[in-house]
file run39.cif (mmCIF, C-alpha atoms)
data_final
loop_
_atom_site.label_atom_id
_atom_site.label_comp_id
_atom_site.auth_asym_id
_atom_site.auth_seq_id
_atom_site.Cartn_x
_atom_site.Cartn_y
_atom_site.Cartn_z
CA MET A 26 -5.62 -24.07 28.73
CA SER A 27 -2.24 -23.65 27.06
CA ILE A 28 -1.83 -21.00 24.35
CA PRO A 29 -0.69 -22.49 21.01
CA LYS A 30 2.79 -21.37 20.06
CA ASP A 31 1.54 -19.95 16.76
CA ALA A 32 -1.34 -17.92 18.27
CA ARG A 33 0.85 -14.84 18.00
CA ILE A 34 4.47 -14.84 16.86
CA ASN A 35 6.33 -11.82 18.16
CA LEU A 36 9.79 -10.50 17.46
CA SER A 37 11.95 -8.25 19.63
CA PRO A 38 13.04 -4.71 18.65
CA GLU A 39 16.47 -6.16 17.86
CA ASP A 40 14.81 -8.16 15.09
CA ILE A 41 13.70 -5.09 13.14
CA PRO A 42 15.50 -5.43 9.78
CA LYS A 43 18.75 -3.51 9.46
CA LYS A 44 18.50 -3.35 5.67
CA TRP A 45 15.65 -2.79 3.24
CA TYR A 46 15.20 -5.32 0.44
CA ASN A 47 15.13 -4.00 -3.13
CA PHE A 48 13.25 -6.18 -5.65
CA ALA A 49 14.67 -4.06 -8.48
CA ALA A 50 17.82 -6.18 -8.12
CA GLU A 51 15.87 -9.21 -9.34
CA VAL A 52 14.46 -7.49 -12.44
CA PRO A 53 17.38 -5.44 -13.83
CA ASP A 54 15.82 -5.57 -17.29
CA ILE A 55 12.70 -3.69 -16.18
CA LYS A 56 11.89 -0.81 -18.52
CA PRO A 57 12.96 2.53 -16.97
CA PRO A 58 10.82 5.63 -16.45
CA ILE A 59 10.64 7.81 -19.55
CA ASN A 60 10.93 11.59 -19.75
CA PRO A 61 7.73 12.54 -21.61
CA GLY A 62 9.46 15.49 -23.28
CA THR A 63 12.60 13.81 -24.61
CA LYS A 64 11.11 10.29 -24.85
CA GLU A 65 14.42 9.09 -23.37
CA PRO A 66 14.97 7.22 -20.10
CA ALA A 67 14.47 9.65 -17.23
CA LYS A 68 17.61 11.08 -15.63
CA PRO A 69 17.99 11.95 -11.94
CA GLU A 70 17.56 15.64 -12.72
CA ASP A 71 14.13 14.88 -14.20
CA PHE A 72 12.97 14.02 -10.68
CA GLU A 73 14.74 16.88 -8.87
CA PRO A 74 11.89 19.40 -9.04
CA ILE A 75 9.84 17.20 -6.69
CA PHE A 76 12.16 14.72 -4.89
CA CYS A 77 15.27 15.09 -2.74
CA LYS A 78 18.53 13.52 -3.94
CA GLU A 79 18.60 10.47 -1.65
CA ILE A 80 15.05 9.49 -2.59
CA ILE A 81 16.03 9.82 -6.27
CA ARG A 82 19.10 7.65 -5.67
CA GLN A 83 17.03 4.94 -4.01
CA GLU A 84 14.43 5.14 -6.77
CA GLY A 85 17.03 4.21 -9.38
CA SER A 86 19.03 1.77 -7.28
CA THR A 87 19.46 -1.89 -8.20
CA GLU A 88 21.33 -2.77 -4.99
CA ARG A 89 19.68 -5.82 -3.43
CA PHE A 90 19.90 -4.43 0.10
CA ILE A 91 20.10 -0.82 1.32
CA ASN A 92 21.00 0.10 4.90
CA ILE A 93 18.21 1.49 7.09
CA PRO A 94 19.52 4.59 8.91
CA GLU A 95 19.82 3.97 12.63
CA GLU A 96 17.51 6.88 13.45
CA VAL A 97 14.81 5.50 11.15
CA ARG A 98 15.19 2.03 12.59
CA ASP A 99 14.90 3.38 16.14
CA ASN A 100 11.74 5.28 15.26
CA LEU A 101 10.17 2.20 13.68
CA ILE A 102 9.81 0.92 17.25
CA TYR A 103 7.35 3.75 17.93
CA LEU A 104 5.29 2.58 14.96
CA ASN A 105 4.91 -0.73 16.81
CA ARG A 106 7.53 -2.57 14.83
CA PRO A 107 8.18 -5.40 14.72
CA ALA A 108 4.49 -6.17 14.06
CA PRO A 109 3.05 -9.51 15.24
CA LEU A 110 2.05 -12.42 13.02
CA GLN A 111 -1.17 -13.84 14.44
CA ARG A 112 -3.26 -16.93 13.75
CA ALA A 113 -6.98 -16.48 13.06
CA TYR A 114 -8.21 -19.50 15.03
CA ARG A 115 -11.76 -18.21 15.47
CA LEU A 116 -12.12 -17.36 11.80
CA GLU A 117 -10.91 -20.85 10.89
CA LYS A 118 -13.53 -22.34 13.22
CA ALA A 119 -16.33 -20.22 11.75
CA LEU A 120 -15.34 -21.27 8.23
CA LYS A 121 -14.97 -24.93 9.31
CA THR A 122 -11.84 -25.09 7.20
CA PRO A 123 -8.83 -27.36 7.71
CA ALA A 124 -6.65 -24.49 6.46
CA ARG A 125 -4.53 -22.46 8.85
CA ILE A 126 -4.92 -18.70 8.46
CA TYR A 127 -2.31 -16.20 9.65
CA PHE A 128 -2.30 -12.43 9.36
CA LYS A 129 0.46 -9.83 9.66
CA ARG A 130 -0.80 -7.06 11.98
CA GLU A 131 0.02 -3.73 10.36
CA ASP A 132 -3.16 -2.40 12.01
CA MET A 133 -1.43 -2.06 15.39
CA SER A 134 0.63 0.98 14.45
CA PRO A 135 -0.56 4.15 16.25
CA LEU A 136 -1.15 5.48 12.73
CA GLY A 137 -3.55 2.62 12.00
CA SER A 138 -1.81 1.21 8.93
CA HIS A 139 1.45 0.17 7.26
CA LYS A 140 1.96 3.62 5.70
CA GLY A 141 4.27 4.88 8.44
CA ASN A 142 7.05 2.56 7.28
CA THR A 143 7.85 4.73 4.26
CA ALA A 144 6.55 8.03 5.68
CA LEU A 145 9.23 7.82 8.36
CA ALA A 146 12.02 7.16 5.87
CA GLN A 147 10.91 9.87 3.45
CA ALA A 148 10.57 12.50 6.18
CA PHE A 149 14.05 11.60 7.47
CA TYR A 150 15.72 11.98 4.06
CA ASN A 151 13.90 15.20 3.20
CA ALA A 152 14.79 16.78 6.54
CA ASP A 153 18.41 15.77 6.00
CA ALA A 154 18.28 17.56 2.64
CA GLY A 155 17.02 20.78 4.23
CA ILE A 156 13.44 20.49 2.98
CA HIS A 157 10.96 22.42 5.15
CA THR A 158 7.66 21.40 3.51
CA LEU A 159 6.26 18.22 1.99
CA THR A 160 3.21 17.87 -0.20
CA THR A 161 1.35 14.65 -0.85
CA GLU A 162 -1.87 13.00 -1.92
CA THR A 163 -4.00 10.56 0.04
CA GLY A 164 -6.90 8.32 -0.88
CA ALA A 165 -8.71 7.01 2.20
CA GLY A 166 -6.41 9.05 4.44
CA GLN A 167 -4.02 6.45 5.88
CA TRP A 168 -1.04 7.81 3.96
CA GLY A 169 -1.86 11.45 4.70
CA THR A 170 -2.23 10.58 8.37
CA ALA A 171 1.14 8.82 8.44
CA LEU A 172 3.09 11.60 6.73
CA ALA A 173 1.39 14.29 8.85
CA MET A 174 2.42 12.56 12.06
CA VAL A 175 6.05 11.67 11.24
CA SER A 176 6.71 15.13 9.80
CA ASN A 177 6.54 16.40 13.38
CA LEU A 178 9.63 14.35 14.21
CA TYR A 179 11.66 16.37 11.71
CA ASP A 180 10.06 19.82 11.97
CA ILE A 181 8.56 19.58 8.49
CA LYS A 182 5.28 21.17 7.40
CA THR A 183 2.96 18.96 5.38
CA THR A 184 0.16 19.72 2.93
CA VAL A 185 -2.18 16.87 2.02
CA PHE A 186 -4.51 16.69 -0.99
CA MET A 187 -7.19 14.12 -0.14
CA VAL A 188 -9.39 12.62 -2.85
CA LYS A 189 -12.71 14.43 -2.55
CA GLY A 190 -14.88 11.31 -2.45
CA SER A 191 -13.02 10.03 0.61
CA PHE A 192 -12.70 13.53 2.10
CA MET A 193 -16.49 13.82 2.17
CA ALA A 194 -17.11 10.25 3.37
CA LYS A 195 -14.46 10.30 6.11
CA PRO A 196 -14.50 13.75 7.76
CA LEU A 197 -12.60 12.55 10.82
CA ARG A 198 -9.53 12.01 8.64
CA LYS A 199 -9.35 15.78 8.29
CA THR A 200 -9.53 16.07 12.08
CA ILE A 201 -6.70 13.59 12.59
CA ILE A 202 -4.45 15.15 9.95
CA ASN A 203 -5.11 18.63 11.40
CA THR A 204 -4.41 17.26 14.88
CA TYR A 205 -0.99 16.16 13.68
CA GLY A 206 -0.41 19.71 12.43
CA ALA A 207 -0.75 19.25 8.67
CA THR A 208 -2.94 21.16 6.22
CA ILE A 209 -5.48 19.17 4.22
CA TYR A 210 -7.51 20.05 1.13
CA ALA A 211 -10.17 18.10 -0.75
CA SER A 212 -8.91 17.29 -4.25
CA PRO A 213 -9.53 18.65 -6.81
CA SER A 214 -9.06 21.96 -5.04
CA GLU A 215 -8.88 25.70 -5.75
CA TYR A 216 -5.29 25.81 -4.47
CA THR A 217 -3.56 24.64 -7.68
CA GLU A 218 -3.95 25.51 -11.33
CA PHE A 219 -4.64 21.90 -12.23
CA GLY A 220 -7.23 21.57 -9.48
CA LYS A 221 -9.03 24.65 -10.77
CA LYS A 222 -8.97 23.24 -14.30
CA VAL A 223 -10.52 19.93 -13.21
CA LEU A 224 -13.22 21.67 -11.15
CA LYS A 225 -14.12 23.90 -14.08
CA GLU A 226 -14.48 20.92 -16.41
CA HIS A 227 -15.95 18.46 -13.89
CA PRO A 228 -17.44 20.42 -10.96
CA ASP A 229 -19.14 17.37 -9.44
CA THR A 230 -16.20 14.95 -9.68
CA SER A 231 -15.34 12.73 -6.71
CA GLY A 232 -11.67 13.14 -7.63
CA SER A 233 -8.97 10.50 -7.99
CA LEU A 234 -5.52 9.72 -6.68
CA GLY A 235 -4.12 10.74 -10.07
CA ILE A 236 -5.62 14.22 -9.71
CA ALA A 237 -4.46 14.56 -6.10
CA ILE A 238 -0.91 13.55 -7.10
CA SER A 239 -0.93 16.22 -9.81
CA GLU A 240 -1.93 18.90 -7.32
CA ALA A 241 0.73 17.87 -4.83
CA CYS A 242 3.43 17.74 -7.53
CA GLU A 243 2.44 21.16 -8.87
CA MET A 244 2.71 22.74 -5.44
CA ALA A 245 6.06 21.09 -4.75
CA ALA A 246 7.57 22.16 -8.07
CA LYS A 247 6.97 25.84 -7.30
CA ASP A 248 9.27 25.98 -4.25
CA GLU A 249 12.84 24.69 -4.10
CA HIS A 250 12.47 23.98 -0.38
CA THR A 251 9.32 21.93 -0.88
CA CYS A 252 9.33 18.32 -2.02
CA TYR A 253 6.67 15.84 -2.93
CA SER A 254 6.25 12.64 -0.91
CA LEU A 255 4.55 9.60 -2.41
CA GLY A 256 2.78 6.85 -0.47
CA SER A 257 2.87 4.10 -3.09
CA VAL A 258 3.78 3.08 -6.68
CA LEU A 259 7.46 4.11 -6.99
CA ASN A 260 10.41 1.84 -6.23
CA HIS A 261 11.68 3.69 -3.15
CA VAL A 262 8.29 3.23 -1.47
CA MET A 263 8.34 -0.52 -2.20
CA LEU A 264 11.85 -0.57 -0.74
CA HIS A 265 10.84 1.02 2.57
CA GLN A 266 7.80 -1.23 2.93
CA SER A 267 9.95 -4.36 2.65
CA VAL A 268 10.23 -4.42 6.45
CA ILE A 269 6.79 -6.08 6.43
CA GLY A 270 7.88 -9.11 4.44
CA LEU A 271 11.32 -9.33 6.03
CA GLU A 272 9.74 -9.52 9.49
CA THR A 273 7.09 -11.98 8.31
CA MET A 274 9.74 -14.34 6.95
CA GLN A 275 11.47 -14.38 10.34
CA GLN A 276 8.16 -15.14 12.03
CA MET A 277 7.28 -17.92 9.62
CA ASP A 278 10.66 -19.51 10.33
CA ILE A 279 9.96 -19.35 14.08
CA GLY A 280 6.46 -20.83 13.64
CA GLU A 281 7.66 -23.40 11.08
CA ILE A 282 5.11 -22.05 8.61
CA ASP A 283 5.66 -22.91 4.96
CA PRO A 284 2.91 -20.84 3.32
CA ASP A 285 0.90 -22.22 0.43
CA TYR A 286 -0.62 -18.78 -0.15
CA VAL A 287 0.55 -15.24 0.66
CA ILE A 288 -2.09 -12.59 0.04
CA ALA A 289 -2.22 -8.79 0.22
CA CYS A 290 -4.40 -6.02 -1.16
CA ALA A 291 -3.06 -3.94 -4.04
CA GLY A 292 -3.90 -0.41 -5.15
CA GLY A 293 -0.66 1.35 -6.05
CA GLY A 294 1.22 -1.65 -4.65
CA SER A 295 3.00 -0.57 -1.45
CA ASN A 296 1.32 -3.01 0.96
CA PHE A 297 1.47 -5.93 -1.46
CA ALA A 298 5.09 -5.20 -2.39
CA GLY A 299 6.14 -4.83 1.24
CA MET A 300 4.65 -8.20 2.13
CA VAL A 301 5.43 -10.22 -0.97
CA LEU A 302 8.48 -8.94 -2.86
CA PRO A 303 11.07 -10.03 -0.22
CA MET A 304 9.57 -13.53 -0.44
CA LEU A 305 9.66 -13.45 -4.24
CA GLY A 306 13.36 -12.66 -3.99
CA GLU A 307 13.86 -15.82 -1.95
CA LYS A 308 11.77 -17.82 -4.42
CA MET A 309 13.70 -16.54 -7.43
CA ALA A 310 16.96 -17.48 -5.70
CA GLY A 311 15.64 -21.01 -5.15
CA ARG A 312 15.87 -20.83 -1.37
CA LYS A 313 12.21 -20.81 -0.24
CA PHE A 314 8.58 -20.54 -1.32
CA ALA A 315 8.94 -22.90 -4.28
CA ASP A 316 5.24 -23.85 -4.20
CA THR A 317 3.81 -20.67 -2.68
CA GLN A 318 1.13 -18.78 -4.59
CA PHE A 319 1.25 -15.00 -4.20
CA ILE A 320 -2.10 -13.25 -4.72
CA ALA A 321 -2.65 -9.51 -5.22
CA VAL A 322 -6.22 -8.43 -4.50
CA GLU A 323 -7.70 -5.28 -6.00
CA PRO A 324 -11.15 -3.64 -6.20
CA LYS A 325 -13.36 -4.11 -9.24
CA ALA A 326 -13.62 -0.32 -9.26
CA ALA A 327 -9.90 -0.01 -10.12
CA PRO A 328 -8.68 -3.39 -11.45
CA SER A 329 -5.37 -2.34 -12.97
CA LEU A 330 -3.85 -5.84 -12.93
CA THR A 331 -6.90 -7.87 -13.89
CA LYS A 332 -8.29 -5.42 -16.46
CA GLY A 333 -5.49 -2.98 -17.24
CA GLU A 334 -2.91 -2.83 -20.02
CA TYR A 335 0.84 -3.20 -19.51
CA LYS A 336 2.26 -0.06 -21.05
CA TYR A 337 3.91 3.29 -20.36
CA ASP A 338 1.58 5.74 -18.63
CA TYR A 339 1.71 8.80 -16.39
CA GLY A 340 1.56 8.29 -12.65
CA ASP A 341 -0.75 11.29 -12.36
CA THR A 342 -3.62 12.79 -14.32
CA ALA A 343 -1.99 16.07 -15.36
CA GLY A 344 1.14 14.42 -16.75
CA PHE A 345 3.65 15.97 -14.33
CA THR A 346 5.36 12.64 -13.62
CA PRO A 347 7.65 10.62 -15.89
CA LEU A 348 6.03 7.81 -17.84
CA LEU A 349 6.10 4.52 -15.94
CA MET A 350 5.92 0.99 -17.35
CA MET A 351 3.00 -0.48 -15.45
CA TYR A 352 -0.39 -2.11 -15.62
CA THR A 353 -2.78 0.81 -16.00
CA LEU A 354 -6.38 1.71 -16.71
CA GLY A 355 -5.28 5.08 -18.08
CA SER A 356 -4.13 8.14 -16.14
CA ASP A 357 -7.44 9.90 -16.77
CA TYR A 358 -9.48 7.00 -15.34
CA ILE A 359 -11.62 7.98 -12.34
CA PRO A 360 -12.77 4.95 -10.31
CA SER A 361 -16.08 4.69 -8.50
CA ALA A 362 -16.05 6.39 -5.08
CA ILE A 363 -15.60 3.21 -3.05
CA HIS A 364 -14.73 3.16 0.66
CA ALA A 365 -11.36 1.51 -0.05
CA GLY A 366 -9.96 4.86 -1.14
CA GLY A 367 -6.38 3.68 -0.81
CA LEU A 368 -6.97 1.25 -3.69
CA ARG A 369 -8.58 3.80 -6.05
CA TYR A 370 -5.56 4.21 -8.31
CA HIS A 371 -5.39 3.86 -12.08
CA GLY A 372 -2.03 2.09 -12.20
CA MET A 373 0.15 -0.42 -10.40
CA SER A 374 3.71 -0.18 -9.10
CA PRO A 375 6.24 -0.90 -11.88
CA LEU A 376 7.90 -3.54 -9.68
CA VAL A 377 4.62 -5.30 -8.88
CA SER A 378 3.63 -4.96 -12.55
CA ALA A 379 6.91 -6.61 -13.58
CA ALA A 380 6.25 -9.49 -11.19
CA TYR A 381 2.75 -9.93 -12.62
CA ASP A 382 3.99 -9.74 -16.21
CA ARG A 383 6.51 -12.49 -15.43
CA ASN A 384 3.74 -14.69 -13.91
CA LEU A 385 5.40 -14.62 -10.49
CA ILE A 386 2.12 -13.51 -8.88
CA THR A 387 -1.60 -13.80 -9.62
CA ALA A 388 -4.42 -11.31 -9.07
CA ARG A 389 -8.09 -11.26 -8.09
CA SER A 390 -10.64 -8.46 -7.89
CA TYR A 391 -13.76 -8.05 -5.75
CA ASP A 392 -16.76 -5.79 -5.45
CA GLN A 393 -16.83 -3.76 -2.23
CA THR A 394 -20.01 -5.50 -1.02
CA GLN A 395 -18.08 -8.80 -1.03
CA THR A 396 -15.17 -7.33 0.88
CA PHE A 397 -17.31 -5.71 3.59
CA GLU A 398 -19.02 -9.07 4.10
CA ALA A 399 -15.57 -10.54 4.79
CA GLY A 400 -14.70 -7.64 7.10
CA LEU A 401 -17.85 -8.17 9.14
CA MET A 402 -17.04 -11.86 9.59
CA PHE A 403 -13.51 -11.01 10.71
CA ALA A 404 -14.81 -8.42 13.19
CA ARG A 405 -17.25 -10.92 14.70
CA THR A 406 -14.72 -13.74 14.98
CA GLU A 407 -11.35 -12.10 15.61
CA GLY A 408 -12.67 -8.87 17.17
CA ILE A 409 -10.71 -6.69 14.75
CA ILE A 410 -12.43 -4.27 12.35
CA PRO A 411 -10.26 -4.24 9.22
CA ALA A 412 -9.82 -1.31 6.87
CA PRO A 413 -11.80 -1.59 3.62
CA GLU A 414 -8.50 -2.02 1.78
CA SER A 415 -7.48 -4.88 4.06
CA CYS A 416 -10.89 -6.49 3.56
CA HIS A 417 -9.84 -7.27 -0.01
CA ALA A 418 -6.95 -9.44 1.15
CA LEU A 419 -9.18 -10.94 3.84
CA LYS A 420 -11.87 -11.85 1.29
CA ALA A 421 -9.32 -13.68 -0.84
CA ALA A 422 -7.97 -15.50 2.23
CA ILE A 423 -11.49 -16.61 3.15
CA ASP A 424 -12.16 -17.80 -0.39
CA VAL A 425 -8.94 -19.81 -0.45
CA ALA A 426 -9.76 -21.28 2.98
CA LEU A 427 -13.18 -22.37 1.69
CA GLU A 428 -11.52 -23.94 -1.35
CA CYS A 429 -9.34 -25.88 1.09
CA LYS A 430 -12.47 -26.97 2.95
CA GLU A 431 -14.05 -28.26 -0.24
CA LYS A 432 -10.89 -30.16 -1.20
CA LYS A 433 -10.19 -31.25 2.41
CA GLU A 434 -6.69 -29.76 2.22
CA GLU A 435 -4.65 -28.49 5.17
CA LYS A 436 -2.97 -25.43 3.71
CA ASP A 437 -1.19 -22.46 5.28
CA ILE A 438 -2.60 -19.06 4.28
CA VAL A 439 -0.82 -15.84 5.27
CA PHE A 440 -2.32 -12.43 4.52
CA CYS A 441 -1.44 -8.86 5.39
CA LEU A 442 -3.90 -6.92 7.52
CA SER A 443 -2.71 -3.55 6.23
CA GLY A 444 -4.76 -1.36 8.58
CA HIS A 445 -7.73 -1.03 10.92
CA GLY A 446 -11.14 0.25 9.90
CA LEU A 447 -12.13 2.31 12.92
CA LEU A 448 -12.45 5.40 10.73
CA ASP A 449 -14.40 3.50 8.09
CA LEU A 450 -17.45 2.61 10.15
CA TYR A 451 -19.77 4.48 7.79
CA GLY A 452 -18.96 1.88 5.15
CA TYR A 453 -19.73 -0.94 7.56
CA GLU A 454 -22.98 0.81 8.53
CA GLN A 455 -23.97 1.05 4.86
CA TYR A 456 -23.20 -2.62 4.36
CA MET A 457 -25.25 -3.66 7.39
CA ASP A 458 -28.28 -1.53 6.49
CA GLY A 459 -28.19 -2.58 2.84
CA THR A 460 -27.31 0.79 1.29
CA LEU A 461 -23.70 0.05 0.29
CA PRO A 462 -23.45 0.56 -3.48
CA SER A 463 -21.83 -1.96 -5.77
CA SER A 464 -18.43 -0.95 -7.10
CA ASP A 465 -18.53 -3.03 -10.27
CA ARG A 466 -17.49 -1.13 -13.40
CA ASN A 467 -19.25 -2.50 -16.45
CA ASP A 468 -17.40 -0.19 -18.83
CA LEU A 469 -14.10 -2.09 -18.55
#
call {"tool": "encode", "arguments": {"input": "run39.cif", "output": "structure tokens"}}
result
Amino acid sequence: MSIPKDARINLSPEDIPKKWYNFAAEVPDIKPPINPGTKEPAKPEDFEPIFCKEIIRQEGSTERFINIPEEVRDNLIYLNRPAPLQRAYRLEKALKTPARIYFKREDMSPLGSHKGNTALAQAFYNADAGIHTLTTETGAGQWGTALAMVSNLYDIKTTVFMVKGSFMAKPLRKTIINTYGATIYASPSEYTEFGKKVLKEHPDTSGSLGIAISEACEMAAKDEHTCYSLGSVLNHVMLHQSVIGLETMQQMDIGEIDPDYVIACAGGGSNFAGMVLPMLGEKMAGRKFADTQFIAVEPKAAPSLTKGEYKYDYGDTAGFTPLLMMYTLGSDYIPSAIHAGGLRYHGMSPLVSAAYDRNLITARSYDQTQTFEAGLMFARTEGIIPAPESCHALKAAIDVALECKEKKEEKDIVFCLSGHGLLDLYGYEQYMDGTLPSSDRNDL
């Protein structure tokens, strides 16, 4: 039996992009961050208490392409880049759909997700600036894991504030992050003034990414040799994640795939932006993807695009960050404690928000019971257990494939498998034994 040429489309290490793509070049009129004190556009010095200078420069850049340092590009190889693009033949057969389904395999990184793409760059720039310690937040733990590991490459200490709901549900994340040499606290914690304040007012809270960000920012601001590192939302993170979409475009050219749909999950926006924004750049230039639909998929527990308001809001709960123009549910919003902890964020990346506001992308939201059903089907057909976050993109891909079946249409569907779910088996167990709670929020 011959293997179809599109079963898995690989690239060589030489094909790893040499430049990051910056979608900010396509939306120069996007509203800038605002200093909450002066109510004026934020200046570079407004970010200096928590970010190093090169990260600040990239955050404000409107250059279309920015060179990837050779050392960062070399180390991307050890994160299993370039990542394969694979066809889900067995899933297609189970669905009895004429659609063709492809998925970008960010799950094959030794870190288990796409988060290493920006962790590596941020650690490199901070080390170059003489920073000895990084602080960060993490939801489900993928981002905390990534930063903890790559910090070892640059002799940087890392402190991670993990959202308490996920910290309790996924104890092995603590083990992994400790194994990589980082310190991890459940957030809200007793280690910051803001954490203490939240615990006093809400002692039983499951926490939120907004709270964890506040704690990490507070700790970073107290030491000039400590910086904060962010896993999503801001422009420089979207920039570093663009390697996903840049690789995928090369692979689609090789496989002669002209996608009708490109789908990715969206919490703060890093995975979706990495996959989709480079393609949107091509579409806006009139070169490719004229008829492609781009779909962001979020949880009903935190539906910032589908239920949020497009306005200025804080990126964190305490109000340490500048105000960002984004789709938001409110910086004090605390989502249900779903297993897709990486998507439990109150707002959406300003760049992704701008794309949504301009009707360049669409969005869907699902309850976690629906997404685990999709994950189970994928595990039993393709043999891969997807992360709960990735299950959102998968669910949308399955729904689109079933729509194609009903209409008898042969369409090409490409989605991003942002990470594996081998540390999320408790969620799968709850789904299979019928105890997984719904994540619908009726108060929105």
call {"tool": "closest_atom_pairs", "arguments": {"input": "run39.cif", "of": "segment 200-305 of chain A", "to": "segment 56-77 of chain A", "cutoff": "8 Å", "atoms": "all atoms listed in the file", "output": "tab-separated table"}}
result
residue	atom	partner	partner_atom	distance
A:Cys242	CA	A:Ile75	CA	6.5
A:Ala245	CA	A:Ile75	CA	5.8
A:Ala246	CA	A:Pro74	CA	5.2
A:Glu249	CA	A:Pro74	CA	7.3
A:Thr251	CA	A:Ile75	CA	7.5
A:Cys252	CA	A:Ile75	CA	4.8
A:Tyr253	CA	A:Ile75	CA	5.1
A:Ser254	CA	A:Phe76	CA	7.4
call {"tool": "residues_around", "arguments": {"input": "run39.cif", "residues": "Met304 of chain A", "least_positions_apart": "3", "cutoff": "12 Å", "atoms": "all atoms listed in the file", "output": "ChimeraX atom specification"}}
result
/A:46-48,51,267-275,277,283-284,286-288,297-301,307-319,380,385-386
call {"tool": "residues_around", "arguments": {"input": "run39.cif", "residues": "Tyr210 of chain A", "least_positions_apart": "3", "cutoff": "7 Å", "atoms": "only C-alpha atoms", "output": "PyMOL selection string"}}
result
chain A and resi 185-187+214
call {"tool": "residues_near_point", "arguments": {"input": "run39.cif", "point": "(13.3, 15.0, 15.5)", "cutoff": "10 Å", "atoms": "all atoms listed in the file", "output": "PyMOL selection string"}}
result
chain A and resi 96+100+149+152+175-181
call {"tool": "closest_residue", "arguments": {"input": "run39.cif", "among": "A:Leu427, A:Ile363, A:Ile209, A:Leu159", "to": "Leu116 of chain A", "atoms": "all atoms listed in the file"}}
result
A:Leu427
call {"tool": "resolve_selection", "arguments": {"input": "run39.cif", "expression": "the PyMOL selection byres ((chain A and resi 443) around 10)", "output": "PyMOL selection string"}}
result
chain A and resi 128-134+137-140+269+289-290+296-297+300+411-416+418+440-442+444-446
call {"tool": "residues_around", "arguments": {"input": "run39.cif", "residues": "segment 144-146 of chain A", "least_positions_apart": "4", "cutoff": "12 Å", "atoms": "only C-alpha atoms", "output": "number ranges by chain"}}
result
A: 45, 79-80, 83, 92-104, 136, 138-140, 150-153, 159-161, 167-179, 181, 183, 253-257, 261-266, 268, 295
call {"tool": "atom_distance", "arguments": {"input": "run39.cif", "atom1": "atom CA of Lys436 of chain A", "atom2": "atom CA of Pro109 of chain A"}}
result
20.6 Å
call {"tool": "closest_residue", "arguments": {"input": "run39.cif", "among": "A:Ala108, A:Ala362, A:Ala321, A:Ala165", "to": "Ser231 of chain A", "atoms": "all atoms listed in the file"}}
result
A:Ala362
